[in-house]
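S.K.: Quick one: the structure is below, and I'll ask about it shortly.
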There are 2 protein chains.
Amino acid sequence: MTSSRLMVIGLGPGPAEWLTPEASQALAAAKDLFGYAPYLARLPQRDGQRRHASDNREELARAREALRLAASGGEVAVVSGGDPGVFAMAAAVFEAIETGEPHWREIDVTVIPGISAMLAAAARIGAPLGHDFCAISLSDNLKPWEIVEKRLIAAAEGDFVIALYNPASKARPERIQDAFACLRASKAWATPVIFARAVGRADERIIVTSLAEADPGIADMATLVIIGSSETRLVPRPGGARPFVYTPRSYGALR
Amino acid sequence: MTSSRLMVIGLGPGPAEWLTPEASQALAAAKDLFGYAPYLARLPQRDGQRRHASDNREELARAREALRLAASGGEVAVVSGGDPGVFAMAAAVFEAIETGEPHWREIDVTVIPGISAMLAAAARIGAPLGHDFCAISLSDNLKPWEIVEKRLIAAAEGDFVIALYNPASKARPERIQDAFACLRASKAWATPVIFARAVGRADERIIVTSLAEADPGIADMATLVIIGSSETRLVPRPGGARPFVYTPRSYGALR
């Protein structure tokens with residue numbers, strides 16, 4: 001058996017300065033690139049490289065197509081925004097392997113990590129993820145809302161900093177409202193809240209507010225929402241500069 | 001006022017292929033580099049660049065020294081392993097600003113994200129962080145053990161995948177044992193567990209086991225431990241290859 005391989009490449013949030021050398025090399029080596037159309041569109045065109053663009057809701061079909069080609073000996077890569085292992089393509093690829101052709105399990109799959117949206121958003125504002133945190137996707141086309149709610153309540157009970165992925169979409173604009181209602185019922189209203197939209201791109205927009213004053217309706221699918229723990233702090237700055245937001249490494253030291 | 005600045009640079013887990021172009025450029029531009037001695041030792045020497053190495057427990061003192069020099073107009077960078085915003089130097093820098101000289105708040109602080117240990121470890125084994133997850137530091141020199149325990153229980157109740165940072169040290173070898181005892185009391189014993197040590201370095205070692213069979217004593221401070229959710233799955237592979245471990249994007253779809 002010739003060994004076949006598939007690369008799953010994390011592109012990071014967008015700008016080239018956040019694309020790792022490993023990801024750059026893998027992109028250059030691939031003959032066939034699979035991915036969500038807007039992610040593929042970001043990448044420079046290369047001679048002899050084919051692109052297979054697909055829509056946002058077609059992750060599993062895309063993964064299967066890529067695996068089929070990889071199994072037949074192709075130099076195949078699947079690209080993913082952010083980190084491929086966080087609410088992204090890597091899980092779809094492994095699900096496709098588990099539920100697909102038995103010989104797909106022989107494929108050498110290399111996951112190439114990337115800067116996740118959560119890390120990029122946090123870096124822009126300070127260090128809100130500086131202590132224990134969790135990441136929750138609000139997408140409920142892949143899980144029942146009861147599970148999301150259970151996790152939000154557990155996250156509040158555990159006093160984790162919370163990063164919310166996929167906060168909204170046209171199909172379910174009310175989910176982020178429900179999530180904020182759930183968190184307002186159990187967390188202090190002064191808790192810092194950050195809306196970080198399109199981080200690293202031309203239309204980047206960062207808003208720092210509080211759980212009391214936040215308008216969750218401003219979150220779209222390009223927005224990462226971070227809600228602090230009881231320890232998360234704002235450091236006001238002179239001259240109208242945006243405050244720093246961070247969560248101290250030590251518990252209770254600054255109260 | 002001349003604007004002063006400080007960079008907080010994420011080096012990623014170690015290998016140059018995971019160092020972002022933004023981090024490389026920032027490292028090249030700095031005149032003074034502050035950091036934990038082993039991280040500084042990884043970086044190529046540059047003419048005219050000074051290194052200020054310090055010990056692991058001295059984050060706040062290191063941050064203050066760097067801020068003092070930055071405020072006086074230096075080209076200063078603080079380096080951090082992994083991502084500086086995740087249990088690392090960025091939170092120490094902002095704590096030093098909040099509790100330090102008022103004019104330090106005028107410093108333009110740029111946090112440069114990096115590949116976190118958690119993302120690198122997950123990539124090596126599949127996509128264990130493919131759905132809702134949390135990250136907890138077991139270090140209890142910075143918070144009471146009761147808080148760690150509360151968060152472990154909340155994480156189990158919320159059925160999060162759990163990434164454990166700082167699982168052990170000579171000063172508190174029993175903490176990881178306590179954590180496993182806590183998780184074994186509330187999670188299925190078949191839950192996949194990954195010990196990922198020194199990912200990306202020459203002595204990398206990855207072990208896939210279960211909550212029942214895991215020996216938490218093998219975790220040292222270079223180990224990242226991942227404990228699955230009820231959804232996390234092992235995909236066995238032929239020929240003695242290590243199984244893939246992943247958490248599906250959708251809830252309950254594969255049960």
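Ligands are numbered from 1 in the order shown, chains are lettered A, B, ... in the order of the structure tokens, and residues start at 1 in each chain.
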For Ala28 (chain B), find every residue with an atom within 12 Å (counting only C-alpha atoms), except residues of its own chain fewer than 6 positions away, and show them as a list of chain:residue names.

M.R.: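 The neighbour list is B:Met7, B:Ile9, B:Pro21, B:Glu22, B:Leu43, B:Pro44, B:Gln45, B:Arg46, B:Asp47, B:Gly48, B:Gln49, B:Arg50, B:Glu75, B:Val76, B:Ala77.
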
S.K.: Out of region 22-206 of chain A, which residues get strand (DSSP E or B) from DSSP, as a short mmCIF file (atom, residue, chain, number, x, y, z; two decimals) with all heavy atoms, in the first residue's frame?

M.R.:
```
data_model
loop_
_atom_site.label_atom_id
_atom_site.label_comp_id
_atom_site.auth_asym_id
_atom_site.auth_seq_id
_atom_site.Cartn_x
_atom_site.Cartn_y
_atom_site.Cartn_z
N ASP A 32 -4.62 19.85 -4.57
CA ASP A 32 -6.06 20.08 -4.49
C ASP A 32 -6.40 20.69 -3.14
O ASP A 32 -6.08 20.11 -2.10
CB ASP A 32 -6.83 18.77 -4.68
CG ASP A 32 -6.77 18.28 -6.12
OD1 ASP A 32 -5.80 17.58 -6.48
OD2 ASP A 32 -7.68 18.63 -6.89
N LEU A 33 -7.06 21.84 -3.20
CA LEU A 33 -7.45 22.53 -1.97
C LEU A 33 -8.97 22.51 -1.84
O LEU A 33 -9.68 22.99 -2.73
CB LEU A 33 -7.00 23.99 -2.01
CG LEU A 33 -5.54 24.34 -1.79
CD1 LEU A 33 -5.37 25.87 -1.83
CD2 LEU A 33 -5.04 23.80 -0.45
N PHE A 34 -9.45 22.00 -0.72
CA PHE A 34 -10.88 22.00 -0.45
C PHE A 34 -11.18 23.00 0.65
O PHE A 34 -10.42 23.10 1.61
CB PHE A 34 -11.33 20.61 0.02
CG PHE A 34 -11.34 19.57 -1.06
CD1 PHE A 34 -10.17 18.93 -1.45
CD2 PHE A 34 -12.52 19.23 -1.70
CE1 PHE A 34 -10.17 17.97 -2.44
CE2 PHE A 34 -12.54 18.27 -2.70
CZ PHE A 34 -11.36 17.64 -3.08
N GLY A 35 -12.32 23.70 0.52
CA GLY A 35 -12.68 24.60 1.61
C GLY A 35 -13.90 25.44 1.31
O GLY A 35 -14.44 25.43 0.20
N TYR A 36 -14.30 26.14 2.35
CA TYR A 36 -15.40 27.11 2.26
C TYR A 36 -14.92 28.22 1.32
O TYR A 36 -13.79 28.72 1.44
CB TYR A 36 -15.68 27.60 3.68
CG TYR A 36 -16.69 28.68 3.84
CD1 TYR A 36 -17.92 28.65 3.17
CD2 TYR A 36 -16.46 29.75 4.71
CE1 TYR A 36 -18.86 29.65 3.36
CE2 TYR A 36 -17.40 30.75 4.92
CZ TYR A 36 -18.60 30.69 4.23
OH TYR A 36 -19.52 31.68 4.42
N ARG A 50 -5.64 22.96 -7.96
CA ARG A 50 -7.10 23.02 -8.15
C ARG A 50 -7.79 23.41 -6.86
O ARG A 50 -7.38 22.97 -5.78
CB ARG A 50 -7.63 21.66 -8.61
CG ARG A 50 -7.47 21.43 -10.10
CD ARG A 50 -7.80 19.99 -10.43
NE ARG A 50 -7.00 19.09 -9.61
CZ ARG A 50 -6.55 17.89 -10.01
NH1 ARG A 50 -6.85 17.42 -11.20
NH2 ARG A 50 -5.81 17.14 -9.20
N ARG A 51 -8.88 24.17 -6.99
CA ARG A 51 -9.65 24.58 -5.82
C ARG A 51 -11.04 23.99 -5.89
O ARG A 51 -11.68 24.02 -6.94
CB ARG A 51 -9.77 26.11 -5.78
CG ARG A 51 -8.47 26.77 -5.45
CD ARG A 51 -8.51 28.23 -5.83
NE ARG A 51 -7.21 28.82 -5.58
CZ ARG A 51 -6.99 29.82 -4.72
NH1 ARG A 51 -7.99 30.39 -4.10
NH2 ARG A 51 -5.77 30.26 -4.52
N HIS A 52 -11.49 23.49 -4.77
CA HIS A 52 -12.81 22.89 -4.68
C HIS A 52 -13.57 23.65 -3.60
O HIS A 52 -13.46 23.33 -2.41
CB HIS A 52 -12.71 21.41 -4.31
CG HIS A 52 -11.76 20.63 -5.18
ND1 HIS A 52 -12.18 19.82 -6.21
CD2 HIS A 52 -10.40 20.55 -5.17
CE1 HIS A 52 -11.11 19.26 -6.80
NE2 HIS A 52 -10.02 19.69 -6.18
N ALA A 53 -14.29 24.67 -4.03
CA ALA A 53 -14.99 25.53 -3.07
C ALA A 53 -16.37 24.97 -2.76
O ALA A 53 -17.04 24.43 -3.63
CB ALA A 53 -15.12 26.95 -3.64
N SER A 54 -16.77 25.08 -1.52
CA SER A 54 -18.12 24.64 -1.16
C SER A 54 -18.72 25.59 -0.15
O SER A 54 -18.07 26.52 0.34
CB SER A 54 -18.11 23.19 -0.67
OG SER A 54 -17.05 22.97 0.23
N VAL A 76 -3.68 16.37 -1.18
CA VAL A 76 -4.93 17.06 -0.88
C VAL A 76 -4.85 17.79 0.45
O VAL A 76 -4.31 17.27 1.43
CB VAL A 76 -6.10 16.04 -0.83
CG1 VAL A 76 -7.42 16.75 -0.57
CG2 VAL A 76 -6.14 15.22 -2.10
N ALA A 77 -5.41 19.00 0.46
CA ALA A 77 -5.52 19.75 1.72
C ALA A 77 -6.93 20.30 1.87
O ALA A 77 -7.55 20.71 0.89
CB ALA A 77 -4.50 20.88 1.75
N VAL A 78 -7.39 20.30 3.10
CA VAL A 78 -8.64 20.96 3.46
C VAL A 78 -8.27 22.18 4.27
O VAL A 78 -7.49 22.06 5.22
CB VAL A 78 -9.53 20.02 4.30
CG1 VAL A 78 -10.78 20.73 4.78
CG2 VAL A 78 -9.87 18.75 3.54
N VAL A 79 -8.78 23.35 3.88
CA VAL A 79 -8.45 24.55 4.65
C VAL A 79 -9.60 24.92 5.58
O VAL A 79 -10.75 24.59 5.34
CB VAL A 79 -8.08 25.75 3.75
CG1 VAL A 79 -6.92 25.41 2.83
CG2 VAL A 79 -9.29 26.24 2.97
N SER A 80 -9.23 25.61 6.64
CA SER A 80 -10.19 25.94 7.69
C SER A 80 -9.81 27.32 8.23
O SER A 80 -8.64 27.64 8.36
CB SER A 80 -10.05 24.88 8.79
OG SER A 80 -11.09 24.92 9.71
N GLY A 82 -9.27 30.06 11.19
CA GLY A 82 -8.83 29.92 12.59
C GLY A 82 -8.02 28.67 12.80
O GLY A 82 -7.11 28.36 12.01
N ASP A 108 -2.89 9.05 6.29
CA ASP A 108 -2.10 9.80 7.25
C ASP A 108 -2.65 11.24 7.29
O ASP A 108 -2.41 12.01 6.36
CB ASP A 108 -0.64 9.77 6.77
CG ASP A 108 0.29 10.55 7.67
OD1 ASP A 108 -0.10 10.85 8.81
OD2 ASP A 108 1.41 10.85 7.20
N VAL A 109 -3.42 11.55 8.32
CA VAL A 109 -4.04 12.88 8.40
C VAL A 109 -3.17 13.79 9.27
O VAL A 109 -2.87 13.46 10.41
CB VAL A 109 -5.46 12.80 8.99
CG1 VAL A 109 -6.08 14.20 9.06
CG2 VAL A 109 -6.33 11.85 8.19
N THR A 110 -2.76 14.91 8.71
CA THR A 110 -1.97 15.88 9.47
C THR A 110 -2.81 17.13 9.71
O THR A 110 -3.22 17.79 8.76
CB THR A 110 -0.70 16.30 8.69
OG1 THR A 110 0.04 15.12 8.37
CG2 THR A 110 0.16 17.24 9.51
N VAL A 111 -3.07 17.41 10.96
CA VAL A 111 -3.79 18.64 11.30
C VAL A 111 -2.76 19.73 11.61
O VAL A 111 -1.88 19.53 12.45
CB VAL A 111 -4.74 18.44 12.50
CG1 VAL A 111 -5.44 19.74 12.87
CG2 VAL A 111 -5.76 17.34 12.21
N ILE A 112 -2.85 20.84 10.91
CA ILE A 112 -1.90 21.94 11.08
C ILE A 112 -2.60 23.05 11.85
O ILE A 112 -3.53 23.68 11.35
CB ILE A 112 -1.40 22.42 9.70
CG1 ILE A 112 -0.63 21.25 9.06
CG2 ILE A 112 -0.56 23.68 9.83
CD1 ILE A 112 -0.15 21.52 7.66
N GLY A 126 -6.41 42.61 25.38
CA GLY A 126 -5.67 42.41 26.62
C GLY A 126 -5.40 40.95 26.84
O GLY A 126 -4.76 40.31 25.99
N ALA A 127 -5.92 40.41 27.93
CA ALA A 127 -5.75 38.98 28.22
C ALA A 127 -6.99 38.45 28.94
O ALA A 127 -6.89 37.91 30.03
CB ALA A 127 -4.49 38.75 29.04
N PHE A 133 -11.07 29.17 31.32
CA PHE A 133 -12.09 29.65 30.37
C PHE A 133 -12.72 28.48 29.65
O PHE A 133 -12.21 27.35 29.68
CB PHE A 133 -11.47 30.63 29.37
CG PHE A 133 -10.42 30.02 28.48
CD1 PHE A 133 -10.75 29.44 27.25
CD2 PHE A 133 -9.09 30.03 28.87
CE1 PHE A 133 -9.78 28.89 26.43
CE2 PHE A 133 -8.10 29.47 28.07
CZ PHE A 133 -8.45 28.89 26.85
N CYS A 134 -13.82 28.76 28.97
CA CYS A 134 -14.42 27.73 28.12
C CYS A 134 -14.87 28.35 26.81
O CYS A 134 -14.99 29.57 26.68
CB CYS A 134 -15.58 27.04 28.83
SG CYS A 134 -16.95 28.11 29.18
N ALA A 135 -15.07 27.50 25.83
CA ALA A 135 -15.52 27.91 24.51
C ALA A 135 -16.79 27.12 24.19
O ALA A 135 -16.81 25.90 24.31
CB ALA A 135 -14.45 27.63 23.47
N ILE A 136 -17.84 27.85 23.81
CA ILE A 136 -19.13 27.24 23.52
C ILE A 136 -19.62 27.76 22.18
O ILE A 136 -19.62 28.97 21.94
CB ILE A 136 -20.17 27.61 24.62
CG1 ILE A 136 -19.69 27.14 25.99
CG2 ILE A 136 -21.55 27.05 24.29
CD1 ILE A 136 -20.59 27.58 27.15
N SER A 137 -20.04 26.84 21.32
CA SER A 137 -20.66 27.26 20.06
C SER A 137 -22.16 27.37 20.28
O SER A 137 -22.79 26.46 20.82
CB SER A 137 -20.37 26.23 18.97
OG SER A 137 -21.21 26.49 17.85
N VAL A 161 -14.36 32.23 32.36
CA VAL A 161 -14.50 33.16 31.25
C VAL A 161 -15.12 32.36 30.10
O VAL A 161 -14.80 31.19 29.92
CB VAL A 161 -13.13 33.74 30.83
CG1 VAL A 161 -13.28 34.69 29.64
CG2 VAL A 161 -12.46 34.44 32.01
N ILE A 162 -16.03 32.98 29.35
CA ILE A 162 -16.76 32.25 28.31
C ILE A 162 -16.50 32.89 26.95
O ILE A 162 -16.72 34.09 26.78
CB ILE A 162 -18.27 32.27 28.60
CG1 ILE A 162 -18.57 31.68 29.98
CG2 ILE A 162 -19.05 31.53 27.50
CD1 ILE A 162 -20.02 31.88 30.45
N ALA A 163 -16.05 32.09 26.00
CA ALA A 163 -15.94 32.54 24.61
C ALA A 163 -17.08 31.90 23.83
O ALA A 163 -17.23 30.68 23.83
CB ALA A 163 -14.60 32.13 24.01
N LEU A 164 -17.91 32.73 23.20
CA LEU A 164 -19.04 32.22 22.41
C LEU A 164 -18.70 32.28 20.93
O LEU A 164 -18.45 33.36 20.37
CB LEU A 164 -20.31 33.04 22.68
CG LEU A 164 -20.86 33.02 24.10
CD1 LEU A 164 -22.11 33.90 24.18
CD2 LEU A 164 -21.18 31.60 24.54
N TYR A 165 -18.70 31.10 20.30
CA TYR A 165 -18.53 31.01 18.84
C TYR A 165 -19.91 30.93 18.19
O TYR A 165 -20.87 30.48 18.80
CB TYR A 165 -17.75 29.73 18.49
CG TYR A 165 -16.23 29.88 18.58
CD1 TYR A 165 -15.59 29.92 19.81
CD2 TYR A 165 -15.45 29.98 17.43
CE1 TYR A 165 -14.20 30.03 19.88
CE2 TYR A 165 -14.06 30.09 17.50
CZ TYR A 165 -13.44 30.12 18.73
OH TYR A 165 -12.08 30.24 18.79
N PRO A 192 -17.41 42.18 32.49
CA PRO A 192 -17.01 42.70 31.18
C PRO A 192 -17.42 41.77 30.04
O PRO A 192 -17.36 40.55 30.18
CB PRO A 192 -15.48 42.77 31.28
CG PRO A 192 -15.18 42.82 32.74
CD PRO A 192 -16.26 42.00 33.39
N VAL A 193 -17.87 42.39 28.96
CA VAL A 193 -18.25 41.66 27.75
C VAL A 193 -17.53 42.29 26.56
O VAL A 193 -17.46 43.52 26.46
CB VAL A 193 -19.78 41.70 27.54
CG1 VAL A 193 -20.16 41.15 26.17
CG2 VAL A 193 -20.50 40.93 28.64
N ILE A 194 -17.00 41.45 25.69
CA ILE A 194 -16.30 41.92 24.49
C ILE A 194 -16.97 41.34 23.26
O ILE A 194 -17.22 40.14 23.19
CB ILE A 194 -14.83 41.46 24.52
CG1 ILE A 194 -14.11 42.01 25.76
CG2 ILE A 194 -14.10 41.87 23.23
CD1 ILE A 194 -12.92 41.18 26.18
N PHE A 195 -17.26 42.21 22.30
CA PHE A 195 -17.68 41.75 20.98
C PHE A 195 -16.51 42.02 20.03
O PHE A 195 -16.14 43.18 19.83
CB PHE A 195 -18.92 42.51 20.49
CG PHE A 195 -20.15 42.26 21.30
CD1 PHE A 195 -20.47 43.08 22.37
CD2 PHE A 195 -21.00 41.20 21.00
CE1 PHE A 195 -21.61 42.86 23.14
CE2 PHE A 195 -22.14 40.97 21.76
CZ PHE A 195 -22.45 41.79 22.82
N ALA A 196 -15.94 40.98 19.47
CA ALA A 196 -14.78 41.14 18.58
C ALA A 196 -15.17 40.62 17.20
O ALA A 196 -15.34 39.42 16.99
CB ALA A 196 -13.58 40.37 19.12
N ARG A 197 -15.34 41.57 16.28
CA ARG A 197 -15.82 41.20 14.95
C ARG A 197 -14.69 41.27 13.92
O ARG A 197 -13.92 42.23 13.90
CB ARG A 197 -16.95 42.16 14.53
CG ARG A 197 -17.62 41.75 13.26
CD ARG A 197 -18.74 42.65 12.80
NE ARG A 197 -19.28 42.04 11.58
CZ ARG A 197 -18.67 42.08 10.41
NH1 ARG A 197 -17.53 42.72 10.28
NH2 ARG A 197 -19.21 41.48 9.36
N ARG A 205 -13.83 45.21 14.25
CA ARG A 205 -14.49 46.11 15.19
C ARG A 205 -14.55 45.45 16.56
O ARG A 205 -15.02 44.33 16.69
CB ARG A 205 -15.90 46.44 14.72
CG ARG A 205 -16.53 47.59 15.50
CD ARG A 205 -17.94 47.88 15.02
NE ARG A 205 -18.79 46.70 15.15
CZ ARG A 205 -20.11 46.69 14.94
NH1 ARG A 205 -20.71 47.78 14.53
NH2 ARG A 205 -20.81 45.59 15.09
N ILE A 206 -14.05 46.16 17.56
CA ILE A 206 -14.02 45.61 18.92
C ILE A 206 -14.85 46.51 19.82
O ILE A 206 -14.65 47.72 19.84
CB ILE A 206 -12.58 45.57 19.47
CG1 ILE A 206 -11.60 44.99 18.46
CG2 ILE A 206 -12.55 44.86 20.82
CD1 ILE A 206 -11.29 43.56 18.56
#
```

S.K.: Can you list, as a PyMOL selection string, every protein, DNA or RNA residue that comes within 9 Å of region 239-252 of chain A when you count only C-alpha atoms, leaving out same-chain residues fewer than 4 positions away?

M.R.: (chain A and resi 122+125-132+161+192+194+207-208+228-235) or (chain B and resi 85+87-88+90-92+94-95+105-106+140-144+147)

S.K.: Go ahead and save the residues from that selection, with N, CA and C atoms, as an mmCIF file, in the first residue's frame.

M.R.:
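This is the output file selection38.cif:
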```cif
data_model
loop_
_atom_site.group_PDB
_atom_site.id
_atom_site.type_symbol
_atom_site.label_atom_id
_atom_site.label_comp_id
_atom_site.auth_asym_id
_atom_site.auth_seq_id
_atom_site.Cartn_x
_atom_site.Cartn_y
_atom_site.Cartn_z
ATOM 1 N N ALA A 122 -8.834 37.834 21.911
ATOM 2 C CA ALA A 122 -8.320 38.121 23.252
ATOM 3 C C ALA A 122 -7.085 39.009 23.181
ATOM 4 N N ILE A 125 -7.477 42.892 22.919
ATOM 5 C CA ILE A 125 -8.091 43.675 23.992
ATOM 6 C C ILE A 125 -7.327 43.564 25.305
ATOM 7 N N GLY A 126 -6.406 42.608 25.383
ATOM 8 C CA GLY A 126 -5.667 42.414 26.622
ATOM 9 C C GLY A 126 -5.395 40.945 26.838
ATOM 10 N N ALA A 127 -5.918 40.411 27.927
ATOM 11 C CA ALA A 127 -5.754 38.981 28.218
ATOM 12 C C ALA A 127 -6.991 38.453 28.942
ATOM 13 N N PRO A 128 -8.167 38.587 28.297
ATOM 14 C CA PRO A 128 -9.387 38.115 28.985
ATOM 15 C C PRO A 128 -9.387 36.607 29.243
ATOM 16 N N LEU A 129 -8.632 35.837 28.447
ATOM 17 C CA LEU A 129 -8.561 34.384 28.645
ATOM 18 C C LEU A 129 -7.350 34.002 29.499
ATOM 19 N N GLY A 130 -6.896 34.946 30.307
ATOM 20 C CA GLY A 130 -5.696 34.714 31.107
ATOM 21 C C GLY A 130 -5.857 33.683 32.201
ATOM 22 N N HIS A 131 -7.101 33.350 32.516
ATOM 23 C CA HIS A 131 -7.309 32.266 33.480
ATOM 24 C C HIS A 131 -8.414 31.343 32.964
ATOM 25 N N ASP A 132 -8.824 30.364 33.774
ATOM 26 C CA ASP A 132 -9.728 29.289 33.319
ATOM 27 C C ASP A 132 -10.883 29.817 32.460
ATOM 28 N N VAL A 161 -14.362 32.229 32.361
ATOM 29 C CA VAL A 161 -14.502 33.162 31.252
ATOM 30 C C VAL A 161 -15.124 32.360 30.101
ATOM 31 N N PRO A 192 -17.412 42.183 32.494
ATOM 32 C CA PRO A 192 -17.011 42.702 31.180
ATOM 33 C C PRO A 192 -17.424 41.772 30.038
ATOM 34 N N ILE A 194 -17.004 41.445 25.688
ATOM 35 C CA ILE A 194 -16.295 41.924 24.493
ATOM 36 C C ILE A 194 -16.970 41.340 23.256
ATOM 37 N N ILE A 207 -15.745 45.924 20.570
ATOM 38 C CA ILE A 207 -16.557 46.693 21.507
ATOM 39 C C ILE A 207 -16.392 46.086 22.897
ATOM 40 N N VAL A 208 -16.089 46.941 23.870
ATOM 41 C CA VAL A 208 -15.997 46.503 25.260
ATOM 42 C C VAL A 208 -17.173 47.083 26.013
ATOM 43 N N GLY A 228 -16.627 37.803 30.697
ATOM 44 C CA GLY A 228 -15.644 37.586 31.748
ATOM 45 C C GLY A 228 -16.094 36.653 32.861
ATOM 46 N N SER A 229 -15.157 36.299 33.725
ATOM 47 C CA SER A 229 -15.466 35.624 34.991
ATOM 48 C C SER A 229 -15.631 36.716 36.044
ATOM 49 N N SER A 230 -15.853 36.297 37.286
ATOM 50 C CA SER A 230 -15.983 37.292 38.368
ATOM 51 C C SER A 230 -14.661 38.025 38.603
ATOM 52 N N GLU A 231 -13.584 37.475 38.064
ATOM 53 C CA GLU A 231 -12.245 38.054 38.275
ATOM 54 C C GLU A 231 -11.817 38.999 37.154
ATOM 55 N N THR A 232 -12.494 38.935 36.014
ATOM 56 C CA THR A 232 -12.046 39.696 34.843
ATOM 57 C C THR A 232 -12.129 41.200 35.104
ATOM 58 N N ARG A 233 -11.104 41.916 34.736
ATOM 59 C CA ARG A 233 -10.976 43.326 35.121
ATOM 60 C C ARG A 233 -10.780 44.240 33.921
ATOM 61 N N LEU A 234 -11.303 45.451 34.055
ATOM 62 C CA LEU A 234 -11.049 46.510 33.075
ATOM 63 C C LEU A 234 -9.994 47.449 33.643
ATOM 64 N N VAL A 235 -9.021 47.806 32.840
ATOM 65 C CA VAL A 235 -8.035 48.799 33.256
ATOM 66 C C VAL A 235 -8.266 50.051 32.415
ATOM 67 N N GLY B 85 -1.773 34.836 25.930
ATOM 68 C CA GLY B 85 -3.023 35.128 26.616
ATOM 69 C C GLY B 85 -3.609 33.967 27.389
ATOM 70 N N PHE B 87 -2.957 31.395 30.247
ATOM 71 C CA PHE B 87 -2.137 31.001 31.407
ATOM 72 C C PHE B 87 -0.677 31.408 31.198
ATOM 73 N N ALA B 88 -0.470 32.634 30.739
ATOM 74 C CA ALA B 88 0.900 33.009 30.381
ATOM 75 C C ALA B 88 1.145 34.490 30.648
ATOM 76 N N ALA B 90 0.759 37.502 29.218
ATOM 77 C CA ALA B 90 -0.048 38.696 28.954
ATOM 78 C C ALA B 90 -0.817 39.129 30.208
ATOM 79 N N ALA B 91 -1.420 38.176 30.913
ATOM 80 C CA ALA B 91 -2.172 38.550 32.119
ATOM 81 C C ALA B 91 -1.251 39.177 33.161
ATOM 82 N N ALA B 92 -0.022 38.686 33.251
ATOM 83 C CA ALA B 92 0.933 39.263 34.211
ATOM 84 C C ALA B 92 1.262 40.712 33.835
ATOM 85 N N PHE B 94 -0.670 42.861 32.185
ATOM 86 C CA PHE B 94 -1.794 43.764 32.473
ATOM 87 C C PHE B 94 -2.016 43.932 33.980
ATOM 88 N N GLU B 95 -1.734 42.889 34.734
ATOM 89 C CA GLU B 95 -1.806 43.039 36.196
ATOM 90 C C GLU B 95 -0.739 44.029 36.678
ATOM 91 N N ARG B 105 -0.163 53.011 31.972
ATOM 92 C CA ARG B 105 -1.420 52.805 31.229
ATOM 93 C C ARG B 105 -1.402 53.466 29.851
ATOM 94 N N GLU B 106 -0.430 54.380 29.659
ATOM 95 C CA GLU B 106 -0.315 55.038 28.347
ATOM 96 C C GLU B 106 0.458 54.183 27.349
ATOM 97 N N ASP B 140 -2.149 25.540 41.858
ATOM 98 C CA ASP B 140 -2.877 26.106 42.998
ATOM 99 C C ASP B 140 -1.994 27.008 43.839
ATOM 100 N N ASN B 141 -0.853 27.406 43.287
ATOM 101 C CA ASN B 141 -0.132 28.460 44.002
ATOM 102 C C ASN B 141 -0.750 29.823 43.690
ATOM 103 N N LEU B 142 -1.660 29.853 42.699
ATOM 104 C CA LEU B 142 -2.299 31.117 42.338
ATOM 105 C C LEU B 142 -3.792 31.151 42.642
ATOM 106 N N LYS B 143 -4.352 30.015 43.009
ATOM 107 C CA LYS B 143 -5.764 30.021 43.434
ATOM 108 C C LYS B 143 -5.993 28.858 44.388
ATOM 109 N N PRO B 144 -7.006 28.966 45.232
ATOM 110 C CA PRO B 144 -7.267 27.878 46.179
ATOM 111 C C PRO B 144 -7.763 26.631 45.451
ATOM 112 N N ILE B 147 -11.426 26.281 44.290
ATOM 113 C CA ILE B 147 -11.851 26.880 43.015
ATOM 114 C C ILE B 147 -11.583 25.902 41.867
#
```

S.K.: List the spatial neighbours of region 215-223 of chain A as a PyMOL selection string - criterion: any atom at most 12 Å away, only C-alpha atoms, same-chain residues fewer than 5 positions off excluded.

M.R.: chain A and resi 13-14+56+81-82+117-118+120-121+137-139+163-181+183-184+193-201+203-210

S.K.: Determine the nearest neighbour of chain B from the options A:Gly12, A:Pro38, A:Gly73, A:Pro113, counting only C-alpha atoms.

M.R.: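 Answer, going by the shortest atom-to-atom distance: A:Pro113.
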